[in-house]
Structure formats: C-alpha cells, structure tokens
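Visitor: I have a structure here, written as structure tokens, and I will follow up with some questions on it.
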Amino acid sequence: MISVEDWAEIRRLHRAEGMAIKAIARQLGVARNTVRSALASDGPPVYRRPSKGSLVDAVEPEIRKLLRVDARMPATVIAERIGWEHSMTILKDRVRLIRPEYAGVDPADRIVHQAGEAAQMDLWFPAPRIPVGFGQAAMLPVLVMTLTFSRYLSAVMLPSRQGGDLVAGMWQLISQVGAVSKTLVWDREAAIGGKGKVTALAAAFAGTLATRVVLAPPRDPKFKGMTERNNQYFETSFLPGRQFSSPTDFNMQMADWLPRANARTIRSLGGRPVDVLGEDLAAMTVLPPHPPATGLTTRVRLSRDYYVRIDRNDYSVDPRFIGRLVDVTATLSRVVVVCDGTVVADHARAWASAAVITDPAHVEIAKGLRRQFSDAKRERERAAAAAGQRPTMVRDIADYDTLFGIGFDTGKDAA
C-alpha cells in the first residue's frame with residue numbers, strides 16, 4: 001500500500017501536470033496498477049487490519065436472547081447467566097453495541113428556553129462545616145435558583161431542608177428577583193415531592209404565587225442540568241479559599257459574589273445574565289400583594305416548663321401564658337410565639353441542634369410567679385392551721401333518730 005504522500009503526488013502529476021500513467025510509475029518507482037488505483041480512489045489510502053474475531057462472538061447469540069427478555073439487563077448479570085470467565089471489558093463493549101437494538105434509542109433534544117417560563121431549583125451542600133453557635137458546626141443546604149432563559153443565578157443558605165424552610169428560601173430568592181417564573185422545576189426532594197407528587201405545602205406556596213411546581217422524572221439529572229452545573233460552578237469559582245464564621249457570613253459573602261457571577265459572559269446565552277434579566281422579568285408573573293405562608297409552624301399548649309420546641313431547639317415563652325395554646329412560627333431568622341394575637345416570645349433562630357434559648361425577662365417573670373405561688377400556699381396553710389385550733393361541735397347520734405322518728409328498743413322484752 002502506498003503512502004498518503006505518494007497518493008497525493010500521483011493525483012497531482014496526472015491531473016495538474018498531465019503526466020501519463022507510465023511516466024508517473026517510472027518517476028515514483030511504483031507499479032502502473034498502483035497508479036491506476038490511486039487515480040480511481042476517492043480518498044487517501046487507509047490501512048485496515050483484518051478482523052480476527054473476538055471471544056464474545058461465540059456467546060453473542062446468548063447475549064441477544066437475554067436482551068430480548070430484558071433490554072436493560074446489566075452486563076454483569078449477563079456475564080453471570082452465560083458463565084463468562086474472560087475479560088469484562090470486551091463483554092461490556094459488545095453489550096453496549098447491541099443493546100440499542102432491543103432497548104431503543106432515546107435522543108435528547110436541545111431545549112429552547114422561553115423568557116419567564118421556568119426557574120430551576122436545587123440544593124447544594126458545600127463541604128465546609130459552618131459554625132452555628134453553641135460550640136457546633138454543621139453542613140448546611142444552600143438553595144440555588146437559576147432562571148432558565150436569562151441564566152440569572154441566586155442562592156441562599158438555609159437552616160434545614162424541611163418544607164417550611166425550603167418555601168421560605170424560595171420566597172426570599174423570588175422576592176429578590178421581583179417576579180416569579182411560570183414554572184418552578186424541582187427534583188424529588190422529600191419536602192417538595194419525594195413520592196412523585198407535589199406536597200400540599202409546596203402546592204399551596206405555588207398557588208399563592210400563581211405558578212406551578214414541576215417535578216423531574218426519577219434518576220434524570222439532565223432535566224434540571226442547568227442548575228446542576230451551577231452547583232459545580234459554585235464549587236470551583238465561589239468556594240475555593242473562603243472561610244465562613246457563621247451562616248450569616250456565608251450569605252453575605254454569597255450576596256457580594258453573585259453580581260460578578262451574573263455579569264460573566266455565557267457562551268450558550270451569547271451575553272451576560274444581568275443584561276438579559278429584564279426580558280426575563282417582563283415575561284414573568286407579578287408577585288402577589290400578600291406574601292405566602294412560609295417557615296416552620298406548630299401549635300402547642302404551654303406547659304409548666306415554659307419552653308417550646310421547634311427544629312430541635314427549645315425557646316422560652318412568657319410563663320404568664322402557661323396552660324394556654326400558643327402558635328410558634330420559625331422564619332429563617334426569627335422564632336416568634338403568639339397567643340391570641342399577643343406576641344409572647346421573640347428570639348433569634350438558632351441553627352444549632354439541641355440548644356436552649358432563654359429570654360432573661362421570662363426567667364424573672366417565672367421567679368415572680370413562683371414567689372406569688374409560694375406566698376399563697378403558705379397563706380392557705382396558715383389559715384388551715386388556724387382553723388384546726390377552734391372547738392368542733394359534735395352532735396349526738398340519737399338526735400338523728402328522734403328527728404326521723406326512728407326508735408330502737410334494746411331492752412330484754414324485745415328478745
């Protein structure tokens with residue numbers, strides 16, 4: 001077989017120089033049939049080694065039988081069924097080659113995103129453990145929102161992945177943007193739609209904002225791949241070299257960095273997110289006049305231990321409301337307790353676990369109530385003791401017999 005250089009020279013000499021086949025063969029020292037073949041071919045010569053076959057050829061019919069029964073059968077299971085004892089690499093290569101004949105092909109089209117159409121939501125868990133007070137540090141979730149048309153990016157760290165905190169985080173990010181997309185895309189996060197159906201909390205949140213929550217199909221990360229890639233972008237561009245003293249510090253550093261992230265040029269967008277955001281906002285839905293219900297909520301009867309528990313932490317409440325029903329609401333930053341419209345406790349929310357948060361004023365009120373209770377008890381005891389020193393009148397039982405006309409003869413004649 002001649003080289004590519006000789007093939008090119010033969011064609012040049014014949015077509016450009018008009019040289020005869022015999023002359024070309026004499027000049028290049030090749031056979032005339034070689035010259036004829038080079039002139040007849042449409043492409044340069046390529047060396048192809050003749051196939052010697054493969055060990056898999058002998059078992060391919062058995063592989064096809066198994067794939068006909070279950071097109072998704074793993075190659076490891078196929079190897080076990082056919083008693084394969086050779087290299088798994090060549091078996092997997094063959095299975096990968098013939099599987100589409102039975103499983104079919106599922107092509108992925110490129111999605112064209114419309115303005116205001118969707119916002120992808122996801123949780124990112126940065127590796128550094130953030131100090132949360134009370135001598136504790138925790139790996140906390142960060143809610144990431146990506147507007148699919150403008151690629152505008154926003155994020156906030158949350159105290160937990162409970163439903164109340166997730167909708168509170170969504171509301172914070174959406175209200176910062178100033179409008180809501182027509183669709184909020186989530187994976188099957190437990191508090192949003194872990195069982196394949198949107199939870200009542202998430203549905204109520206979406207209904208208040210006149211939008212809808214769409215859940216990604218199971219095991220399909222490409223469905224919201226845009227925000228998945230942004231999670232990796234955070235790992236490589238925001239996180240390196242940073243240290244955080246608290247969740248508040250993390251959110252402040254994130255807020256300072258996000259304008260730069262949204263000012264970068266994105267190849268697929270052909271511009272910067274901050275420049276396209278206006279068109280995205282114009283197609284979104286306006287925010288409702290009243291904010292949706294968010295945060296963690298519970299209703300309990302305040303016990304003698306005048307503390308309420310929410311998100312694994314205990315918060316003191318005005319002890320004057322012991323025995324009454326109180327409503328506890330935990331936002332991302334505060335814990336507020338209300339009884340019949342009266343605020344009876346207001347604390348900064350603790351992001352730690354098993355913490356006890358006490359208002360000194362509640363302790364003082366409790367001391368005063370205990371003093372009053374003790375004084376009243378002593379007074380009752382003194383009154384009871386004084387009543388015990390007075391003479392007690394005892395009536396003869398025979399008086400009752402006379403009163404009711406009952407006579408009992410105990411003499412001998414009665415016998």
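In the structure tokens, each chain is lettered A, B, ... as it comes, each chain's residues begin at 1, and ligands are numbered from 1 in order of appearance.
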Quick one: residues within 6 Å of Ala119 of chain A, only C-alpha atoms counted, chain neighbours fewer than 6 positions away excluded, as a list of chain:residue names?
Guide: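 Here the qualifying residues turn out to be A:Thr146, A:Leu147, A:Thr148, A:Ser181, A:Leu184.
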Visitor: Okay, now the selection with C-alpha atoms, as a CSV table (one decimal), in the first residue's frame?
Guide:
```
chain,number,residue,atom,x,y,z
A,146,THR,CA,-31.4,29.5,38.1
A,147,LEU,CA,-33.7,31.3,35.6
A,148,THR,CA,-33.6,29.2,32.5
A,181,SER,CA,-41.4,32.2,36.7
A,184,LEU,CA,-40.6,26.1,39.4
```
Visitor: Excluding segment 365-382 of chain A and its own-chain neighbours fewer than 3 positions away, which residues fall within 9 Å of it when counting only C-alpha atoms? Please give them as a PDB file with N, CA, C and O atoms, in the first residue's frame.
Guide:
```pdb
ATOM      1  N   TYR A 306     -41.849  26.407  80.726  1.00  0.00           N
ATOM      2  CA  TYR A 306     -42.345  27.421  79.803  1.00  0.00           C
ATOM      3  C   TYR A 306     -41.424  27.571  78.576  1.00  0.00           C
ATOM      4  O   TYR A 306     -40.986  28.661  78.223  1.00  0.00           O
ATOM      5  N   ASP A 318     -43.125  33.588  77.641  1.00  0.00           N
ATOM      6  CA  ASP A 318     -43.628  34.285  78.822  1.00  0.00           C
ATOM      7  C   ASP A 318     -44.429  33.296  79.684  1.00  0.00           C
ATOM      8  O   ASP A 318     -45.462  32.771  79.242  1.00  0.00           O
ATOM      9  N   PRO A 319     -43.973  33.002  80.901  1.00  0.00           N
ATOM     10  CA  PRO A 319     -44.646  31.976  81.720  1.00  0.00           C
ATOM     11  C   PRO A 319     -46.045  32.368  82.190  1.00  0.00           C
ATOM     12  O   PRO A 319     -46.774  31.517  82.708  1.00  0.00           O
ATOM     13  N   ARG A 320     -46.439  33.617  82.015  1.00  0.00           N
ATOM     14  CA  ARG A 320     -47.797  34.009  82.402  1.00  0.00           C
ATOM     15  C   ARG A 320     -48.848  33.347  81.508  1.00  0.00           C
ATOM     16  O   ARG A 320     -50.030  33.375  81.822  1.00  0.00           O
ATOM     17  N   PRO A 360     -33.945  36.415  79.411  1.00  0.00           N
ATOM     18  CA  PRO A 360     -33.829  36.688  80.852  1.00  0.00           C
ATOM     19  C   PRO A 360     -35.113  37.267  81.460  1.00  0.00           C
ATOM     20  O   PRO A 360     -35.414  37.016  82.630  1.00  0.00           O
ATOM     21  N   ALA A 361     -35.881  38.018  80.667  1.00  0.00           N
ATOM     22  CA  ALA A 361     -37.131  38.584  81.197  1.00  0.00           C
ATOM     23  C   ALA A 361     -38.113  37.482  81.564  1.00  0.00           C
ATOM     24  O   ALA A 361     -38.849  37.590  82.553  1.00  0.00           O
ATOM     25  N   HIS A 362     -38.115  36.391  80.782  1.00  0.00           N
ATOM     26  CA  HIS A 362     -39.015  35.278  81.099  1.00  0.00           C
ATOM     27  C   HIS A 362     -38.604  34.598  82.405  1.00  0.00           C
ATOM     28  O   HIS A 362     -39.460  34.161  83.185  1.00  0.00           O
ATOM     29  N   ALA A 385     -54.222  25.807 109.456  1.00  0.00           N
ATOM     30  CA  ALA A 385     -53.733  25.514 110.812  1.00  0.00           C
ATOM     31  C   ALA A 385     -54.548  26.278 111.856  1.00  0.00           C
ATOM     32  O   ALA A 385     -54.897  25.747 112.923  1.00  0.00           O
ATOM     33  N   ALA A 386     -54.892  27.531 111.563  1.00  0.00           N
ATOM     34  CA  ALA A 386     -55.689  28.328 112.498  1.00  0.00           C
ATOM     35  C   ALA A 386     -57.086  27.740 112.658  1.00  0.00           C
ATOM     36  O   ALA A 386     -57.657  27.707 113.750  1.00  0.00           O
ATOM     37  N   ALA A 387     -57.663  27.258 111.595  1.00  0.00           N
ATOM     38  CA  ALA A 387     -58.990  26.643 111.671  1.00  0.00           C
ATOM     39  C   ALA A 387     -58.963  25.372 112.502  1.00  0.00           C
ATOM     40  O   ALA A 387     -59.928  25.032 113.179  1.00  0.00           O
TER      41      ALA A 387
END
```
Visitor: Counting only C-alpha atoms, which residue out of A:Leu281, A:Asp42, A:Leu287, A:Val337 sits closest to Tyr307 of chain A?
Guide: A:Val337
Visitor: Measuring between only C-alpha atoms, which one of A:Leu123, A:Ile21, A:Ala283, A:Ala155 shows the shortest distance to Pro141 of chain A?
Guide: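 Of the candidates, the smallest distance to Pro141 of chain A is held by A:Leu123.
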Visitor: Report the residues of segment 343-381 of chain A whose backbone DSSP state falls under helix (DSSP H, G or I), written as a ChimeraX atom specification.
Guide: /A:360-381
Visitor: Nearest to Ser175 of chain A among A:Pro131, A:Gly83, A:Gly405, A:Pro288, with distances taken over only C-alpha atoms: which residue is it?
Guide: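 The answer is A:Pro288, which sits nearest to Ser175 of chain A.
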Visitor: Just give me the gap between atom CA of Lys22 of chain A and atom CA of Trp7 of chain A in Å, one decimal is fine.
Guide: 15.2 Å
Visitor: Just how far from atom CA of Thr199 of chain A is atom CA of Pro218 of chain A, in Å to one decimal?
Guide: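 Rounded to one decimal, the two atoms are 16.3 Å apart.
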Visitor: Which of these, A:Thr183, A:Thr342, A:Asn313, A:Asn231, has the shortest distance to Leu215 of chain A once you count only C-alpha atoms?
Guide: A:Thr183
Visitor: Where in segment 104-240 of chain A does DSSP assign strand (DSSP E), given as a ChimeraX atom specification?
Guide: /A:118-124,130-133,136-138,142-147,153-157,183-186,212-215
Visitor: Find the residues around segment 25-37 of chain A up to 9 Å (only C-alpha atoms counted), leave out those fewer than 2 positions away in its own chain, and share them as number ranges by chain.
Guide: A: 1-2, 6-7, 9-11, 20-23, 39-41
Visitor: When distances are computed from only C-alpha atoms, which of A:Leu325, A:Val300, A:Ala293, A:Val177 shows the smallest separation from Ala204 of chain A?
Guide: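 Checking each of A:Leu325, A:Val300, A:Ala293, A:Val177 against Ala204 of chain A, counting only C-alpha atoms, the winner is A:Ala293.
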Visitor: If we count only C-alpha atoms, what is near Arg324 of chain A at a cut-off of 10 Å, once residues fewer than 4 positions away on the same chain are taken out, given as a ChimeraX atom specification?
Guide: /A:300-303,320,339-340
Visitor: Go ahead and save the picked residues with N, CA and C atoms, as an mmCIF file, in the first residue's frame.
Guide:
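Output (result.cif):
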```cif
data_model
loop_
_atom_site.group_PDB
_atom_site.id
_atom_site.type_symbol
_atom_site.label_atom_id
_atom_site.label_comp_id
_atom_site.auth_asym_id
_atom_site.auth_seq_id
_atom_site.Cartn_x
_atom_site.Cartn_y
_atom_site.Cartn_z
ATOM 1 N N VAL A 300 -48.955 24.470 70.234
ATOM 2 C CA VAL A 300 -48.821 23.625 71.419
ATOM 3 C C VAL A 300 -49.457 24.334 72.608
ATOM 4 N N ARG A 301 -49.730 23.562 73.657
ATOM 5 C CA ARG A 301 -50.177 24.142 74.919
ATOM 6 C C ARG A 301 -48.954 24.336 75.795
ATOM 7 N N LEU A 302 -48.747 25.556 76.255
ATOM 8 C CA LEU A 302 -47.551 25.871 77.024
ATOM 9 C C LEU A 302 -47.584 25.174 78.378
ATOM 10 N N SER A 303 -46.581 24.367 78.633
ATOM 11 C CA SER A 303 -46.523 23.592 79.873
ATOM 12 C C SER A 303 -45.850 24.396 80.981
ATOM 13 N N ARG A 320 -46.439 33.617 82.015
ATOM 14 C CA ARG A 320 -47.797 34.009 82.402
ATOM 15 C C ARG A 320 -48.848 33.347 81.508
ATOM 16 N N CYS A 339 -49.896 34.230 71.283
ATOM 17 C CA CYS A 339 -51.060 33.676 71.984
ATOM 18 C C CYS A 339 -52.204 34.677 71.861
ATOM 19 N N ASP A 340 -53.271 34.288 71.174
ATOM 20 C CA ASP A 340 -54.436 35.153 70.977
ATOM 21 C C ASP A 340 -54.041 36.533 70.455
#
```
Visitor: Do you have, as CSV, the list of residues of segment 149-208 of chain A lying at most 10 Å from segment 235-256 of chain A, each with its nearest atom pair and that distance in Å to one decimal, counting only C-alpha atoms and ordered by chain then number?
Guide:
```
residue,atom,partner,partner_atom,distance
A:Ser154,CA,A:Ala255,CA,8.4
A:Ala155,CA,A:Met254,CA,7.5
A:Val156,CA,A:Asn251,CA,6.1
A:Met157,CA,A:Asn251,CA,6.3
A:Leu158,CA,A:Pro247,CA,8.1
A:Pro159,CA,A:Pro247,CA,8.3
```
Visitor: List the spatial neighbours of Arg64 of chain A as a PyMOL selection string - criterion: any atom at most 12 Å away, only C-alpha atoms, same-chain residues fewer than 6 positions off excluded.
Guide: chain A and resi 56-58+70-73+75+78+82+94-103
Visitor: Grab the residues selected above and save them as a PDB file, in the first residue's frame with N, CA, C and O atoms.
Guide:
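Saved to part21.pdb:
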```
ATOM      1  N   VAL A  56     -16.161 -12.848  22.290  1.00  0.00           N
ATOM      2  CA  VAL A  56     -17.574 -12.589  22.514  1.00  0.00           C
ATOM      3  C   VAL A  56     -18.434 -13.105  21.361  1.00  0.00           C
ATOM      4  O   VAL A  56     -19.628 -13.349  21.530  1.00  0.00           O
ATOM      5  N   ASP A  57     -17.822 -13.287  20.171  1.00  0.00           N
ATOM      6  CA  ASP A  57     -18.601 -13.729  19.018  1.00  0.00           C
ATOM      7  C   ASP A  57     -19.339 -15.035  19.310  1.00  0.00           C
ATOM      8  O   ASP A  57     -20.491 -15.215  18.896  1.00  0.00           O
ATOM      9  N   ALA A  58     -18.687 -15.943  20.031  1.00  0.00           N
ATOM     10  CA  ALA A  58     -19.286 -17.258  20.277  1.00  0.00           C
ATOM     11  C   ALA A  58     -20.509 -17.173  21.185  1.00  0.00           C
ATOM     12  O   ALA A  58     -21.407 -18.012  21.102  1.00  0.00           O
ATOM     13  N   ASP A  70     -34.959  -8.904  28.599  1.00  0.00           N
ATOM     14  CA  ASP A  70     -34.836  -7.677  29.399  1.00  0.00           C
ATOM     15  C   ASP A  70     -33.748  -6.816  28.782  1.00  0.00           C
ATOM     16  O   ASP A  70     -32.559  -7.067  28.952  1.00  0.00           O
ATOM     17  N   ALA A  71     -34.181  -5.788  28.060  1.00  0.00           N
ATOM     18  CA  ALA A  71     -33.217  -4.958  27.329  1.00  0.00           C
ATOM     19  C   ALA A  71     -32.315  -4.167  28.254  1.00  0.00           C
ATOM     20  O   ALA A  71     -31.252  -3.700  27.835  1.00  0.00           O
ATOM     21  N   ARG A  72     -32.692  -3.993  29.535  1.00  0.00           N
ATOM     22  CA  ARG A  72     -31.893  -3.206  30.479  1.00  0.00           C
ATOM     23  C   ARG A  72     -31.037  -4.085  31.385  1.00  0.00           C
ATOM     24  O   ARG A  72     -30.448  -3.578  32.341  1.00  0.00           O
ATOM     25  N   MET A  73     -30.952  -5.356  31.100  1.00  0.00           N
ATOM     26  CA  MET A  73     -30.176  -6.254  31.950  1.00  0.00           C
ATOM     27  C   MET A  73     -28.717  -5.815  31.991  1.00  0.00           C
ATOM     28  O   MET A  73     -28.084  -5.631  30.952  1.00  0.00           O
ATOM     29  N   ALA A  75     -24.645  -5.747  32.217  1.00  0.00           N
ATOM     30  CA  ALA A  75     -23.645  -6.644  31.632  1.00  0.00           C
ATOM     31  C   ALA A  75     -23.111  -7.630  32.658  1.00  0.00           C
ATOM     32  O   ALA A  75     -22.767  -8.773  32.319  1.00  0.00           O
ATOM     33  N   ILE A  78     -25.550 -10.437  32.772  1.00  0.00           N
ATOM     34  CA  ILE A  78     -25.411 -11.237  31.552  1.00  0.00           C
ATOM     35  C   ILE A  78     -24.204 -12.157  31.662  1.00  0.00           C
ATOM     36  O   ILE A  78     -24.264 -13.343  31.296  1.00  0.00           O
ATOM     37  N   ILE A  82     -24.419 -16.319  31.378  1.00  0.00           N
ATOM     38  CA  ILE A  82     -23.798 -17.093  30.298  1.00  0.00           C
ATOM     39  C   ILE A  82     -22.507 -17.769  30.743  1.00  0.00           C
ATOM     40  O   ILE A  82     -21.837 -18.430  29.949  1.00  0.00           O
ATOM     41  N   ARG A  94     -19.362  -5.154  23.823  1.00  0.00           N
ATOM     42  CA  ARG A  94     -20.290  -5.784  22.894  1.00  0.00           C
ATOM     43  C   ARG A  94     -21.738  -5.547  23.326  1.00  0.00           C
ATOM     44  O   ARG A  94     -22.607  -5.287  22.490  1.00  0.00           O
ATOM     45  N   VAL A  95     -22.016  -5.656  24.628  1.00  0.00           N
ATOM     46  CA  VAL A  95     -23.374  -5.415  25.124  1.00  0.00           C
ATOM     47  C   VAL A  95     -23.785  -3.978  24.837  1.00  0.00           C
ATOM     48  O   VAL A  95     -24.915  -3.706  24.413  1.00  0.00           O
ATOM     49  N   ARG A  96     -22.861  -3.051  25.054  1.00  0.00           N
ATOM     50  CA  ARG A  96     -23.159  -1.641  24.783  1.00  0.00           C
ATOM     51  C   ARG A  96     -23.459  -1.412  23.301  1.00  0.00           C
ATOM     52  O   ARG A  96     -24.277  -0.558  22.933  1.00  0.00           O
ATOM     53  N   LEU A  97     -22.829  -2.203  22.436  1.00  0.00           N
ATOM     54  CA  LEU A  97     -23.006  -2.045  20.996  1.00  0.00           C
ATOM     55  C   LEU A  97     -24.363  -2.566  20.527  1.00  0.00           C
ATOM     56  O   LEU A  97     -25.019  -1.939  19.688  1.00  0.00           O
ATOM     57  N   ILE A  98     -24.807  -3.688  21.090  1.00  0.00           N
ATOM     58  CA  ILE A  98     -26.037  -4.297  20.575  1.00  0.00           C
ATOM     59  C   ILE A  98     -27.269  -3.978  21.423  1.00  0.00           C
ATOM     60  O   ILE A  98     -28.387  -4.247  20.999  1.00  0.00           O
ATOM     61  N   ARG A  99     -27.095  -3.404  22.604  1.00  0.00           N
ATOM     62  CA  ARG A  99     -28.260  -3.108  23.454  1.00  0.00           C
ATOM     63  C   ARG A  99     -29.276  -2.190  22.774  1.00  0.00           C
ATOM     64  O   ARG A  99     -30.487  -2.397  22.901  1.00  0.00           O
ATOM     65  N   PRO A 100     -28.843  -1.112  22.062  1.00  0.00           N
ATOM     66  CA  PRO A 100     -29.839  -0.228  21.430  1.00  0.00           C
ATOM     67  C   PRO A 100     -30.782  -0.946  20.467  1.00  0.00           C
ATOM     68  O   PRO A 100     -31.893  -0.466  20.218  1.00  0.00           O
ATOM     69  N   GLU A 101     -30.374  -2.098  19.930  1.00  0.00           N
ATOM     70  CA  GLU A 101     -31.260  -2.840  19.024  1.00  0.00           C
ATOM     71  C   GLU A 101     -32.499  -3.343  19.768  1.00  0.00           C
ATOM     72  O   GLU A 101     -33.548  -3.575  19.150  1.00  0.00           O
ATOM     73  N   TYR A 102     -32.399  -3.515  21.082  1.00  0.00           N
ATOM     74  CA  TYR A 102     -33.509  -4.049  21.867  1.00  0.00           C
ATOM     75  C   TYR A 102     -34.133  -2.992  22.783  1.00  0.00           C
ATOM     76  O   TYR A 102     -35.339  -2.997  23.022  1.00  0.00           O
ATOM     77  N   ALA A 103     -33.303  -2.112  23.313  1.00  0.00           N
ATOM     78  CA  ALA A 103     -33.811  -1.090  24.228  1.00  0.00           C
ATOM     79  C   ALA A 103     -34.295   0.158  23.506  1.00  0.00           C
ATOM     80  O   ALA A 103     -35.024   0.975  24.064  1.00  0.00           O
TER      81      ALA A 103
END
```
Visitor: Using only C-alpha atoms, which residue out of A:Phe223, A:Trp186, A:Trp84, A:Tyr400 lies closest to Met121 of chain A?
Guide: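 Among the listed residues, A:Trp186 lies closest to Met121 of chain A.
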Visitor: Using only C-alpha atoms, determine which residues lie at most 8 Å from segment 259-269 of chain A, disregarding the query and same-chain residues fewer than 4 positions distant; provide the list as an MDAnalysis selection string.
Guide: chainID A and resid 150:153 255 273:275
Visitor: Work out how far atom CA of Ala345 of chain A is from atom CA of Ile130 of chain A, in Å to one decimal.
Guide: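 Those two atoms sit 27.1 Å apart.
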Visitor: Can you tell me which residues surround Gly164 of chain A at a distance of at most 9 Å, considering only C-alpha atoms, apart from same-chain residues fewer than 5 positions away, and format the answer as number ranges by chain?
Guide: A: 169, 191, 201, 293-297, 330-331
Visitor: Would you export the selected residues with C-alpha atoms as a short mmCIF file (atom, residue, chain, number, x, y, z; two decimals), in the first residue's frame, please?
Guide:
```
data_model
loop_
_atom_site.label_atom_id
_atom_site.label_comp_id
_atom_site.auth_asym_id
_atom_site.auth_seq_id
_atom_site.Cartn_x
_atom_site.Cartn_y
_atom_site.Cartn_z
CA GLY A 169 -35.89 30.19 50.89
CA ALA A 191 -40.32 18.06 51.35
CA LEU A 201 -47.12 22.76 51.36
CA ALA A 293 -47.13 31.42 54.35
CA THR A 294 -43.60 30.16 54.88
CA GLY A 295 -41.42 28.88 57.70
CA LEU A 296 -41.94 26.18 60.29
CA THR A 297 -45.16 26.38 62.31
CA ALA A 330 -39.85 29.88 62.82
CA THR A 331 -38.68 32.01 59.91
#
```
